[in-house]
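Peer 1: Pasting model14.cif below, which is mmCIF, C-alpha atoms.
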data_run
loop_
_atom_site.label_atom_id
_atom_site.label_comp_id
_atom_site.auth_asym_id
_atom_site.auth_seq_id
_atom_site.Cartn_x
_atom_site.Cartn_y
_atom_site.Cartn_z
CA MET D 1 46.07 79.00 162.83
CA GLN D 2 42.45 78.35 161.89
CA VAL D 3 41.26 74.90 160.85
CA GLU D 4 38.31 74.69 158.49
CA THR D 5 35.82 71.96 159.08
CA THR D 6 33.55 70.80 156.33
CA THR D 7 30.23 69.18 156.94
CA LYS D 8 27.98 67.79 154.29
CA ARG D 9 24.67 69.54 153.98
CA ALA D 10 21.51 67.89 152.80
CA LYS D 11 20.94 68.54 149.10
CA VAL D 12 18.13 70.98 148.47
CA GLY D 13 16.66 72.16 145.18
CA GLY D 14 17.71 71.10 141.71
CA ARG D 15 16.33 68.31 139.58
CA VAL D 16 15.23 65.03 141.05
CA LYS D 17 17.64 62.23 140.18
CA GLY D 18 16.64 60.63 136.86
CA THR D 19 14.81 63.69 135.52
CA PRO D 20 15.85 64.18 131.88
CA ASN D 21 17.59 67.37 130.84
CA LYS D 22 15.15 69.60 128.90
CA VAL D 23 17.68 70.30 126.14
CA THR D 24 18.36 66.58 125.69
CA ALA D 25 14.63 65.81 125.63
CA THR D 26 14.04 68.53 123.02
CA ALA D 27 16.93 67.28 120.88
CA LYS D 28 15.54 63.73 120.98
CA GLU D 29 12.08 64.98 119.99
CA ASN D 30 13.56 66.92 117.06
CA ILE D 31 15.61 63.96 115.86
CA LEU D 32 12.52 61.74 115.98
CA ALA D 33 10.52 64.34 114.01
CA VAL D 34 13.20 64.52 111.30
CA PHE D 35 13.47 60.71 111.22
CA THR D 36 9.70 60.50 110.66
CA ARG D 37 9.76 63.17 107.91
CA LEU D 38 12.55 61.30 106.12
CA GLY D 39 10.45 58.14 105.89
CA GLY D 40 10.86 56.49 109.30
CA THR D 41 11.83 52.86 109.62
CA ALA D 42 10.94 52.00 106.01
CA GLN D 43 13.45 54.54 104.68
CA MET D 44 16.02 53.53 107.27
CA ALA D 45 15.68 49.87 106.23
CA ALA D 46 16.21 50.82 102.58
CA TRP D 47 19.32 52.83 103.52
CA ALA D 48 20.60 50.01 105.78
CA LYS D 49 20.20 47.49 102.96
CA GLU D 50 22.46 49.61 100.75
CA ASN D 51 24.87 50.53 103.58
CA GLN D 52 25.03 47.44 105.77
CA THR D 53 28.54 48.09 107.10
CA GLU D 54 27.64 51.61 108.24
CA PHE D 55 24.33 50.43 109.70
CA TYR D 56 26.01 47.73 111.78
CA LYS D 57 28.65 50.19 113.00
CA ILE D 58 25.88 52.45 114.29
CA TYR D 59 23.93 49.52 115.72
CA ALA D 60 27.00 48.16 117.53
CA ARG D 61 27.46 51.51 119.32
CA LEU D 62 23.93 51.28 120.71
CA VAL D 63 24.28 47.79 122.19
CA PRO D 64 25.40 47.88 125.85
CA THR D 65 28.88 46.44 126.19
CA GLU D 66 28.63 45.61 129.88
CA THR D 67 25.88 45.39 132.45
CA ARG D 68 26.48 44.66 136.11
CA LEU D 69 23.67 42.74 137.75
CA ALA D 70 23.40 41.58 141.33
CA ASN D 71 21.40 38.99 143.22
CA PRO D 72 19.15 40.19 146.06
CA ASP D 73 21.98 39.45 148.52
CA GLY D 74 24.36 41.72 146.56
CA THR D 75 26.52 39.00 145.03
CA PRO D 76 27.25 39.37 141.30
CA LEU D 77 24.77 37.69 138.96
CA SER D 78 26.19 35.76 136.05
CA VAL D 79 24.23 35.90 132.78
CA ASN D 80 25.06 34.17 129.51
CA VAL D 81 23.54 35.74 126.37
CA THR D 82 23.41 34.11 122.95
CA PHE D 83 22.70 36.14 119.80
CA ARG D 84 21.25 34.37 116.79
#
When written as structure tokens, how does the structure in this file appear?

Peer 2:
Amino acid sequence: MQVETTTKRAKVGGRVKGTPNKVTATAKENILAVFTRLGGTAQMAAWAKENQTEFYKIYARLVPTETRLANPDGTPLSVNVTFR
């Protein structure tokens, strides 16, 4: 009977952590270009005024629902946020 042992090797090659995916970066650039060609924020504001429910649905998806923060000693940080 042979027992396999696994050892972790040091990671070599690949992207550095935090480096954006090229496809994602290209997609974002293209979306921004189309947004600009359609009239940018002025056109979006006009659309949002006529479609407030849809605009707020989209906006709500972009707002972080939870963020975990810590003090320098590692204990959880409590934050109270008020929207006006």

Peer 1: For CA of Ala45 in chain D and CA of Val23 in chain D, quote the distance in Å rounded to one decimal.

Peer 2: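 A separation of 28.6 Å between them.
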
Peer 1: CA of Lys17 in chain D to CA of Asp73 in chain D: how many Å, to one decimal?

Peer 2: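 Computing the Euclidean distance for CA of Lys17 in chain D and CA of Asp73 in chain D yields 24.6 Å.
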
Peer 1: Using CA of Pro76 in chain D and CA of Pro64 in chain D as the two end points, give the distance in Å to one decimal.

Peer 2: 17.7 Å

Peer 1: Using all atoms listed in the file, pick whichever of D:Val63, D:Arg15, D:Asn71, D:Lys49 has the shortest atom-to-atom distance to Phe83 in chain D.

Peer 2: D:Val63
